[in-house]
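For reference, the structure discussed in these notes is given below.
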Amino acid sequence: MMTPEIPREQDPNTLLQQAASAMELQIGITDRMPGPDHAMEQHATATLSSSELGTETHI
């Protein structure tokens, strides 16, 4: 098996999931796309929560 000399960068979603996992946080992502088809916008909200701390943050 060949491995690249320089690792590929990961997408922001994967990096966020890895960071949340390392901190033992649960993550949820919701997407919404309001607007007509010709001018649709994309909005995403990530929710990080900790059952240990009893907190939840939306980013």
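Naming scheme: A, B, ... for chains in displayed order of the structure tokens; residues 1 onward per chain; ligands 1 onward as shown.
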Exercise for the section: Would you mind listing what lies within 8 Å of Ala46 of chain A as a list in words, with only C-alpha atoms counted and same-chain residues fewer than 4 positions away left out? Expected result: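 That gives Ile27, Gly28, Ile29, Thr30, His58 and Ile59 of chain A.
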Exercise for the section: Please return as an MDAnalysis selection string: the residues of chain A that backbone DSSP assigns to helix (DSSP H, G or I). Expected result: chainID A and resid 12:22 37:39
Exercise for the section: Determine, counting only C-alpha atoms, which protein, DNA and RNA residues have an atom within 12 Å of an atom of Asn13 of chain A; residues of the same chain fewer than 2 positions away are not included. Present the result as JSON, numbers by chain. Expected result: {"A": [9, 10, 11, 15, 16, 17, 18, 19, 20, 27, 28, 29, 44, 45, 46]}
